[in-house]
There are 2 protein chains.
Amino acid sequence: MLSTGTRPGPDLTAIFDQISAIGSQPGEGVTRLAASAEDGVARRAFAEWMAQGGARVTHDAVGNQFACFEWAGQNAPWIFAGSHLDTQPRGGRFDGTLGVLAAGSVALDLHEEVRTGQFKPGRNLAILNWTNEEGARFQPSLTGSAVFSGALSLHEALGLRDGSATSLRDALAAIGIDGDSGAVPPRPEAYVELHVEQGRKLIEAGRQTGIVEGTWAARKITVRWIGRAAHTGPTPMSDRRDALLAAAQGIAAFETLIAARHHHLQRSAARIVIEPNSPNVVVERASVWFELRGPDIEELHTAGQVALAAFEKAAADTGTRLEVVADTLRAPASMDRRLLEIVDSAAQACGFVPLMMRSVAGHDAVALQNSGIPSALLFIPSVGGIAHHPDEFTEQEDVEAGVTVLKAALRRLVEGEYDAGR
Amino acid sequence: MLSTGTRPGPDLTAIFDQISAIGSQPGEGVTRLAASAEDGVARRAFAEWMAQGGARVTHDAVGNQFACFEWAGQNAPWIFAGSHLDTQPRGGRFDGTLGVLAAGSVALDLHEEVRTGQFKPGRNLAILNWTNEEGARFQPSLTGSAVFSGALSLHEALGLRDGSATSLRDALAAIGIDGDSGAVPPRPEAYVELHVEQGRKLIEAGRQTGIVEGTWAARKITVRWIGRAAHTGPTPMSDRRDALLAAAQGIAAFETLIAARHHHLQRSAARIVIEPNSPNVVVERASVWFELRGPDIEELHTAGQVALAAFEKAAADTGTRLEVVADTLRAPASMDRRLLEIVDSAAQACGFVPLMMRSVAGHDAVALQNSGIPSALLFIPSVGGIAHHPDEFTEQEDVEAGVTVLKAALRRLVEGEYDAGR
């Protein structure tokens with residue numbers, strides 16, 4: 001990847017390869033779930049790399065890691081950059097990880113300039129690894145950034161439980177995170193996140209960089225059908241209250257109805273947990289995680305009601321009872337205008353013409369922006385738009401483009417350009 | 001329960017309470033999956049109870065336990081009686097366990113008569129605890145009895161894997177079962193199993209005992225839909241190959257089609273395993289365990305083809321690929337005529353008029369009968385027909401009726417009445 005000059009420690013290529021190997025299986029991508037043992041190893045590798053380069057590394061009580069470069073003194077404002085090191089099961093290498101390590105690499109380069117007196121920033125910089133962005137192990141997703149920005153209470157976050165009923169609190173404790181580990185920076189003046197696009201818009205437009213203007217909203221509904229366990233053999237069909245049949249009818253009707261009435265919404269049911277899950281026992285409980293995504297809150301409201309009515313019908317038709325376990329709306333974000341203009345201007349100065357675009361997926365930058373922290377999201381292409389799959393890949397030259405723009409933008413931000421624009 | 005006279009050790013009520021407590025949670029029934037730690041504890045309690053009463057207790061390489069009473073010398077034929085100590089997740093206390101312990105209690109009573117010279121049988125008796133009857137943890141069910149009777153190879157059985165990919169071999173080794181533990185009795189002259197009905201026919205007929213003449217056939221089909229993992233957000237709907245959507249459509253269509261065309265068949269889909277099972281990743285693989293049960297093999301053949309066509313259609317409609325992982329037919333059994341007449345005659349002599357009936361569920365007696373071991377299945381009522389549920393219950397007076405008939409029948413069999421009827 002990029003030359004890193006004379007700074008100490010591994011360069012971006014080396015650290016990316018090192019961290020990508022943690023939780024990796026040949027052909028199976030990377031499985032590094034939030035607060036797992038693998039996540040613990042990756043966190044330590046990241047902390048060591050940053051500390052070696054001169055950062056003070058700390059974490060807060062929800063496990064967010066901060067690699068702090070206090071260039072401008074303890075009273076100066078902070079700029080944040082980063083992403084997340086957790087992955088989906090069998091996820092890709094670039095999603096999240098590239099954003100953390102690219103920002104770390106840029107920070108080390110800038111720190112070298114500061115250390116040698118070539119550069120005197122007016123702001124401090126922290127590189128962030130946010131906890132449980134993916135929401136694969138603990139729901140909801142974007143946990144760490146939501147806690148930091150005040151959208152989710154620490155108590156609620158630490159009480160989240162995975163599919164084995166392990167709490168986030170206990171999972172973090174198991175990898176050595178028990179409360180904060182020292183002073184954590186305050187809310188930053190601005191946050192910048194580099195991320196792979198997870199779509200094909202950049203490739204179709206022939207651009208190497210994109211800047212997110214706004215994001216789609218997401219409505220996430222988790223429901224549970226409750227029936228009654230019984231022997232799958234002798235139990236008369238008329239006696240059965242089959243929660244898996246209800247869930248199947250609910251999932252099938254959800255797709256049919258939303259495709260017919262709201263066909264441009266993105267929609268999915270991707271997680272199901274059933275009990276007892278034995279071939280010979282009628283299922284007593286089936287929980288399903290549904291998502292609806294679109295640009296317009298009103299439409300998500302209407303579509304959500306359509307979905308809930310379909311779930312109720314599935315319950316009525318199977319003699320089961322429906323419980324709505326969670327029904328949350330992530331509002332569409334408008335990313336910070338002034339900040340995206342700085343990133344755009346930095347990109348143009350480097351010779352890139354970023355595509356102004358929307359993001360369907362949620363990212364930590366979106367959680368922060370929605371809680372009032374000015375945030376920018378810089379995209380680089382994913383080959384084929386593949387995401388959450390072992391085949392996820394971004395070309396080296398596109399990684400270099402992203403790092404170049406991120407470095408230029410962060411340089412301006414630590415120089416104080418965001419505040420100067422007020 | 002019944003008085004046990006002067007024989008040593010706990011009586012049936014006490015040992016039933018003791019073993020029912022293993023794996024039990026208040027309100028949650030009993031979870032004692034085959035070859036689990038709980039199963040190991042129950043096996044040791046059973047072995048100790050039998051050994052204390054004078055049995056030689058041994059097990060074979062698939063873990064079937066034999067409590068042997070060698071009353072008639074090593075060359076005499078054997079009679080077997082028993083059932084299974086494994087349960088479903090959150091299963092009932094009576095299913096299987098009662099059959100093992102009632103037979104054990106009867107054996108101890110008879111042994112006391114033999115020991116004191118009141119009774120001189122011409123046959124040996126072994127009380128059986130068959131491994132993994134339920135098929136909850138390892139599929140197929142009826143594993144131990146199928147291996148003993150030659151329908152399933154030991155190698156295949158030990159290679160079965162549970163949902164966590166643990167083999168039956170390793171699970172057994174973890175509870176101390178690694179190969180056989182000494183001489184195991186040969187194929188018996190006859191096998192008798194007492195079991196709760198798991199239906200309402202006895203209650204509706206006002207009878208305390210039933211004798212199974214024959215059983216329904218069962219066709220068990222496990223299929224897997226294979227799609228492609230992708231981000232549930234930005235991935236265009238037209239790109240998705242969603243294996244959970246395919247499974248949901250398959251399960252829903254299976255019920256609709258079979259109900260319309262073969263409405264008197266019992267049918268179910270009660271187990272599903274999906275990967276990755278994260279709310280934010282389109283499901284790549286979904287495996288579902290389907291069952292069809294009915295009296296007629298031809299109809300199961302036709303209905304199975306209807307089901308497979310529906311599964312293929314679900315694959316085609318979702319862009320996924322279908323794999324048939326397993327497709328097995330358990331033939332309907334006609335239980336041994338001469339043996340059921342002996343059990344019936346023994347019951348009538350005790351003042352009971354057994355209902356001649358069919359069983360929808362599989363039992364170890366069915367596996368043995370289908371492999372040529374003359375077998376009888378004696379039913380007693382289940383309140384409300386409830387089975388595979390914590391509320392499963394059989395009244396004390398019905399348990400006593402079952403034990404009385406079982407004892408009378410086993411007395412005749414160890415006296416040699418089965419062979420005398422040739």
# chains A, B, ... in the order shown; residues from 1 in each chain; ligands from 1

$ residues_around --residues "Thr320 (chain B)" --least-positions-apart "6" --cutoff "12 Å" --atoms "only C-alpha atoms" --output "PDB file with C-alpha atoms, in the first residue's frame"
ATOM      1  CA  ARG B 224     -30.959 -27.376   2.434  1.00  0.00           C
ATOM      2  CA  TRP B 225     -31.401 -24.213   0.382  1.00  0.00           C
ATOM      3  CA  ILE B 226     -28.141 -22.566  -0.627  1.00  0.00           C
ATOM      4  CA  GLY B 227     -28.122 -18.879  -1.478  1.00  0.00           C
ATOM      5  CA  ARG B 228     -25.467 -16.244  -1.035  1.00  0.00           C
ATOM      6  CA  ALA B 229     -24.512 -14.091   1.936  1.00  0.00           C
ATOM      7  CA  ASP B 239     -29.209  -9.584  -6.597  1.00  0.00           C
ATOM      8  CA  ARG B 240     -30.348 -11.465  -3.513  1.00  0.00           C
ATOM      9  CA  ARG B 241     -30.419 -15.216  -3.170  1.00  0.00           C
ATOM     10  CA  ASP B 242     -32.036 -15.543   0.209  1.00  0.00           C
ATOM     11  CA  ALA B 243     -32.012 -19.055   1.675  1.00  0.00           C
ATOM     12  CA  LEU B 244     -34.259 -18.141   4.626  1.00  0.00           C
ATOM     13  CA  LEU B 245     -36.895 -16.749   2.287  1.00  0.00           C
ATOM     14  CA  ALA B 246     -36.666 -20.011   0.317  1.00  0.00           C
ATOM     15  CA  ALA B 247     -37.057 -22.063   3.497  1.00  0.00           C
ATOM     16  CA  GLN B 249     -41.731 -20.396   1.267  1.00  0.00           C
ATOM     17  CA  GLY B 250     -40.925 -24.125   1.374  1.00  0.00           C
ATOM     18  CA  VAL B 282     -28.845 -12.331   3.783  1.00  0.00           C
ATOM     19  CA  VAL B 283     -28.996 -16.010   4.783  1.00  0.00           C
ATOM     20  CA  GLU B 284     -26.662 -18.220   2.758  1.00  0.00           C
ATOM     21  CA  ARG B 285     -27.774 -21.677   3.937  1.00  0.00           C
ATOM     22  CA  ALA B 286     -31.005 -22.861   5.489  1.00  0.00           C
ATOM     23  CA  PHE B 311     -39.093 -27.164  -2.213  1.00  0.00           C
ATOM     24  CA  GLU B 312     -37.686 -26.981  -5.754  1.00  0.00           C
ATOM     25  CA  LYS B 313     -40.183 -24.249  -6.609  1.00  0.00           C
ATOM     26  CA  ALA B 314     -39.118 -22.268  -3.540  1.00  0.00           C
TER      27      ALA B 314
END

$ interface_residues --of "chain A" --to "chain B" --cutoff "6 Å" --atoms "only C-alpha atoms" --output "list in words"
Pro89, Ala136, Gly199, Ala229, Ala230, His231, Gly233, Pro234, Ala248, Gln249, Ala252, Ala270, Arg271, Pro276, Asn277, Ser278, Pro279, Val282, Val283, Trp289, Val360, Ala361, Ala387, His388 and His389 of chain A

$ select_by_dssp --residues "region 314-371 of chain A" --states "helix (DSSP H, G or I)" --output "number ranges by chain"
A: 314-318, 337-349, 364-370

$ write_last_selection --atoms "N, CA and C atoms" --output "mmCIF file, in the first residue's frame"
data_model
loop_
_atom_site.group_PDB
_atom_site.id
_atom_site.type_symbol
_atom_site.label_atom_id
_atom_site.label_comp_id
_atom_site.auth_asym_id
_atom_site.auth_seq_id
_atom_site.Cartn_x
_atom_site.Cartn_y
_atom_site.Cartn_z
ATOM 1 N N ALA A 314 -50.511 -14.309 10.297
ATOM 2 C CA ALA A 314 -49.823 -15.609 10.422
ATOM 3 C C ALA A 314 -50.098 -16.218 11.795
ATOM 4 N N ALA A 315 -50.140 -15.374 12.821
ATOM 5 C CA ALA A 315 -50.445 -15.870 14.171
ATOM 6 C C ALA A 315 -51.870 -16.414 14.217
ATOM 7 N N ALA A 316 -52.813 -15.640 13.674
ATOM 8 C CA ALA A 316 -54.216 -16.061 13.710
ATOM 9 C C ALA A 316 -54.397 -17.367 12.936
ATOM 10 N N ASP A 317 -53.731 -17.488 11.802
ATOM 11 C CA ASP A 317 -53.909 -18.681 10.954
ATOM 12 C C ASP A 317 -53.278 -19.937 11.550
ATOM 13 N N THR A 318 -52.383 -19.781 12.508
ATOM 14 C CA THR A 318 -51.694 -20.945 13.074
ATOM 15 C C THR A 318 -52.039 -21.161 14.546
ATOM 16 N N ARG A 337 -23.175 19.263 6.300
ATOM 17 C CA ARG A 337 -22.927 19.911 5.012
ATOM 18 C C ARG A 337 -21.521 20.512 4.947
ATOM 19 N N ARG A 338 -21.176 21.270 5.999
ATOM 20 C CA ARG A 338 -19.891 21.970 6.011
ATOM 21 C C ARG A 338 -18.731 20.969 6.022
ATOM 22 N N LEU A 339 -18.928 19.896 6.753
ATOM 23 C CA LEU A 339 -17.876 18.885 6.844
ATOM 24 C C LEU A 339 -17.696 18.167 5.509
ATOM 25 N N LEU A 340 -18.814 17.841 4.847
ATOM 26 C CA LEU A 340 -18.646 17.115 3.584
ATOM 27 C C LEU A 340 -18.020 18.019 2.517
ATOM 28 N N GLU A 341 -18.263 19.332 2.650
ATOM 29 C CA GLU A 341 -17.601 20.245 1.703
ATOM 30 C C GLU A 341 -16.085 20.279 1.919
ATOM 31 N N ILE A 342 -15.671 20.168 3.174
ATOM 32 C CA ILE A 342 -14.223 20.114 3.456
ATOM 33 C C ILE A 342 -13.616 18.838 2.872
ATOM 34 N N VAL A 343 -14.309 17.712 3.085
ATOM 35 C CA VAL A 343 -13.789 16.443 2.559
ATOM 36 C C VAL A 343 -13.773 16.492 1.030
ATOM 37 N N ASP A 344 -14.837 17.041 0.448
ATOM 38 C CA ASP A 344 -14.911 17.155 -1.010
ATOM 39 C C ASP A 344 -13.781 18.031 -1.543
ATOM 40 N N SER A 345 -13.568 19.153 -0.901
ATOM 41 C CA SER A 345 -12.521 20.074 -1.334
ATOM 42 C C SER A 345 -11.133 19.434 -1.210
ATOM 43 N N ALA A 346 -10.930 18.694 -0.115
ATOM 44 C CA ALA A 346 -9.652 17.987 0.067
ATOM 45 C C ALA A 346 -9.456 16.962 -1.035
ATOM 46 N N ALA A 347 -10.543 16.240 -1.365
ATOM 47 C CA ALA A 347 -10.463 15.220 -2.410
ATOM 48 C C ALA A 347 -10.127 15.862 -3.749
ATOM 49 N N GLN A 348 -10.795 16.958 -4.057
ATOM 50 C CA GLN A 348 -10.576 17.610 -5.351
ATOM 51 C C GLN A 348 -9.142 18.126 -5.455
ATOM 52 N N ALA A 349 -8.628 18.600 -4.325
ATOM 53 C CA ALA A 349 -7.247 19.071 -4.320
ATOM 54 C C ALA A 349 -6.260 17.930 -4.588
ATOM 55 N N ASP A 364 -21.203 3.874 11.776
ATOM 56 C CA ASP A 364 -21.024 4.650 13.005
ATOM 57 C C ASP A 364 -21.151 6.149 12.742
ATOM 58 N N ALA A 365 -20.673 6.598 11.573
ATOM 59 C CA ALA A 365 -20.784 8.022 11.236
ATOM 60 C C ALA A 365 -22.240 8.476 11.233
ATOM 61 N N VAL A 366 -23.137 7.581 10.868
ATOM 62 C CA VAL A 366 -24.560 7.925 10.828
ATOM 63 C C VAL A 366 -25.110 8.048 12.247
ATOM 64 N N ALA A 367 -24.719 7.106 13.113
ATOM 65 C CA ALA A 367 -25.169 7.161 14.508
ATOM 66 C C ALA A 367 -24.692 8.463 15.165
ATOM 67 N N LEU A 368 -23.452 8.841 14.888
ATOM 68 C CA LEU A 368 -22.906 10.058 15.506
ATOM 69 C C LEU A 368 -23.600 11.298 14.955
ATOM 70 N N GLN A 369 -23.747 11.356 13.619
ATOM 71 C CA GLN A 369 -24.402 12.505 12.991
ATOM 72 C C GLN A 369 -25.822 12.672 13.553
ATOM 73 N N ASN A 370 -26.524 11.557 13.695
ATOM 74 C CA ASN A 370 -27.896 11.623 14.209
ATOM 75 C C ASN A 370 -27.950 12.094 15.653
#

$ atom_distance --atom1 "CA of Leu12 (chain B)" --atom2 "CA of Ser105 (chain B)"
5.9 Å

$ select_by_dssp --residues "region 44-281 of chain B" --states "strand (DSSP E)" --output "PyMOL selection string"
chain B and resi 56-59+65-69+78-83+124-129+190-196+210-215+217-226+266-275

$ write_last_selection --atoms "C-alpha atoms" --output "mmCIF file, in the first residue's frame"
data_model
loop_
_atom_site.group_PDB
_atom_site.id
_atom_site.type_symbol
_atom_site.label_atom_id
_atom_site.label_comp_id
_atom_site.auth_asym_id
_atom_site.auth_seq_id
_atom_site.Cartn_x
_atom_site.Cartn_y
_atom_site.Cartn_z
ATOM 1 C CA ARG B 56 -24.876 -57.157 35.941
ATOM 2 C CA VAL B 57 -24.950 -53.809 34.104
ATOM 3 C CA THR B 58 -23.090 -53.366 30.841
ATOM 4 C CA HIS B 59 -23.299 -51.247 27.703
ATOM 5 C CA GLN B 65 -27.356 -50.049 28.602
ATOM 6 C CA PHE B 66 -28.235 -53.621 29.564
ATOM 7 C CA ALA B 67 -29.129 -54.550 33.157
ATOM 8 C CA CYS B 68 -28.754 -58.325 32.941
ATOM 9 C CA PHE B 69 -30.435 -60.915 35.124
ATOM 10 C CA TRP B 78 -33.063 -63.636 26.593
ATOM 11 C CA ILE B 79 -36.143 -61.502 27.022
ATOM 12 C CA PHE B 80 -35.656 -57.724 26.819
ATOM 13 C CA ALA B 81 -37.775 -54.956 28.294
ATOM 14 C CA GLY B 82 -37.139 -51.239 28.537
ATOM 15 C CA SER B 83 -37.246 -47.939 26.693
ATOM 16 C CA ASN B 124 -32.769 -64.513 31.165
ATOM 17 C CA LEU B 125 -34.032 -60.920 31.370
ATOM 18 C CA ALA B 126 -32.292 -57.687 30.423
ATOM 19 C CA ILE B 127 -33.629 -54.225 31.092
ATOM 20 C CA LEU B 128 -32.710 -51.824 28.305
ATOM 21 C CA ASN B 129 -31.953 -48.136 28.077
ATOM 22 C CA ALA B 190 -38.821 -60.997 22.539
ATOM 23 C CA TYR B 191 -38.860 -57.349 23.584
ATOM 24 C CA VAL B 192 -41.606 -55.581 25.508
ATOM 25 C CA GLU B 193 -41.828 -51.810 25.969
ATOM 26 C CA LEU B 194 -44.195 -49.885 28.211
ATOM 27 C CA HIS B 195 -44.758 -46.299 27.036
ATOM 28 C CA VAL B 196 -47.195 -43.431 27.554
ATOM 29 C CA GLY B 210 -53.520 -50.342 25.005
ATOM 30 C CA ILE B 211 -51.543 -52.723 22.839
ATOM 31 C CA VAL B 212 -50.051 -51.506 19.594
ATOM 32 C CA GLU B 213 -50.881 -53.706 16.615
ATOM 33 C CA GLY B 214 -49.054 -51.625 14.078
ATOM 34 C CA THR B 215 -47.536 -48.248 13.501
ATOM 35 C CA ALA B 217 -44.946 -45.075 8.437
ATOM 36 C CA ALA B 218 -42.851 -41.919 8.535
ATOM 37 C CA ARG B 219 -41.035 -40.151 5.747
ATOM 38 C CA LYS B 220 -38.392 -37.735 7.000
ATOM 39 C CA ILE B 221 -36.910 -35.318 4.506
ATOM 40 C CA THR B 222 -34.131 -32.876 5.312
ATOM 41 C CA VAL B 223 -33.346 -30.286 2.665
ATOM 42 C CA ARG B 224 -30.959 -27.376 2.434
ATOM 43 C CA TRP B 225 -31.401 -24.213 0.382
ATOM 44 C CA ILE B 226 -28.141 -22.566 -0.627
ATOM 45 C CA GLN B 266 -49.442 -35.784 10.038
ATOM 46 C CA ARG B 267 -46.861 -33.298 8.892
ATOM 47 C CA SER B 268 -44.305 -30.947 10.393
ATOM 48 C CA ALA B 269 -41.202 -28.846 9.950
ATOM 49 C CA ALA B 270 -39.715 -28.519 13.415
ATOM 50 C CA ARG B 271 -36.003 -27.890 13.038
ATOM 51 C CA ILE B 272 -34.191 -25.196 11.061
ATOM 52 C CA VAL B 273 -30.515 -24.297 11.013
ATOM 53 C CA ILE B 274 -29.419 -21.183 9.137
ATOM 54 C CA GLU B 275 -26.102 -19.529 8.403
#

$ residues_around --residues "Ile177 (chain A)" --least-positions-apart "5" --cutoff "10 Å" --atoms "only C-alpha atoms" --output "mmCIF file with N, CA and C atoms, in the first residue's frame"
data_model
loop_
_atom_site.group_PDB
_atom_site.id
_atom_site.type_symbol
_atom_site.label_atom_id
_atom_site.label_comp_id
_atom_site.auth_asym_id
_atom_site.auth_seq_id
_atom_site.Cartn_x
_atom_site.Cartn_y
_atom_site.Cartn_z
ATOM 1 N N ALA A 35 -16.669 -8.364 20.742
ATOM 2 C CA ALA A 35 -16.338 -8.819 22.102
ATOM 3 C C ALA A 35 -16.059 -10.318 22.188
ATOM 4 N N GLY A 40 -10.922 -9.545 20.809
ATOM 5 C CA GLY A 40 -9.944 -9.163 21.830
ATOM 6 C C GLY A 40 -8.527 -9.150 21.270
ATOM 7 N N HIS A 59 -9.807 2.979 26.450
ATOM 8 C CA HIS A 59 -11.151 2.575 26.007
ATOM 9 C C HIS A 59 -12.172 3.026 27.028
ATOM 10 N N ASP A 60 -13.410 3.168 26.579
ATOM 11 C CA ASP A 60 -14.475 3.541 27.512
ATOM 12 C C ASP A 60 -15.194 2.287 27.998
ATOM 13 N N ALA A 61 -16.261 2.464 28.771
ATOM 14 C CA ALA A 61 -16.896 1.327 29.449
ATOM 15 C C ALA A 61 -17.661 0.417 28.497
ATOM 16 N N VAL A 62 -17.964 0.885 27.295
ATOM 17 C CA VAL A 62 -18.629 0.002 26.324
ATOM 18 C C VAL A 62 -17.606 -0.608 25.361
ATOM 19 N N GLY A 63 -16.322 -0.307 25.616
ATOM 20 C CA GLY A 63 -15.259 -0.956 24.853
ATOM 21 C C GLY A 63 -14.774 -0.175 23.648
ATOM 22 N N ASN A 64 -15.354 0.999 23.372
ATOM 23 C CA ASN A 64 -14.828 1.804 22.267
ATOM 24 C C ASN A 64 -13.359 2.110 22.537
ATOM 25 N N ARG A 169 -21.764 -6.978 28.691
ATOM 26 C CA ARG A 169 -20.904 -6.699 29.852
ATOM 27 C C ARG A 169 -19.959 -7.877 30.103
ATOM 28 N N ASP A 170 -20.524 -9.091 30.147
ATOM 29 C CA ASP A 170 -19.699 -10.276 30.433
ATOM 30 C C ASP A 170 -18.747 -10.597 29.287
ATOM 31 N N ALA A 171 -19.226 -10.379 28.054
ATOM 32 C CA ALA A 171 -18.362 -10.660 26.902
ATOM 33 C C ALA A 171 -17.164 -9.714 26.906
ATOM 34 N N LEU A 172 -17.405 -8.429 27.216
ATOM 35 C CA LEU A 172 -16.294 -7.473 27.278
ATOM 36 C C LEU A 172 -15.345 -7.835 28.427
#

$ closest_residue --among "A:His111, A:Arg330, A:Arg187, A:Arg207" --to "Ala72 (chain A)" --atoms "only C-alpha atoms"
A:His111

$ atom_distance --atom1 "CA of Leu142 (chain A)" --atom2 "CA of Ala326 (chain A)"
15.9 Å

$ atom_distance --atom1 "CA of Glu133 (chain B)" --atom2 "CA of Leu355 (chain B)"
24.7 Å

$ closest_residue --among "A:Ala376, A:Leu152, A:Glu189, A:Val405" --to "Arg422 (chain A)" --atoms "only C-alpha atoms"
A:Glu189

$ residues_around --residues "Leu33 (chain A)" --least-positions-apart "3" --cutoff "6 Å" --atoms "only C-alpha atoms" --output "PyMOL selection string"
chain A and resi 36+86-87
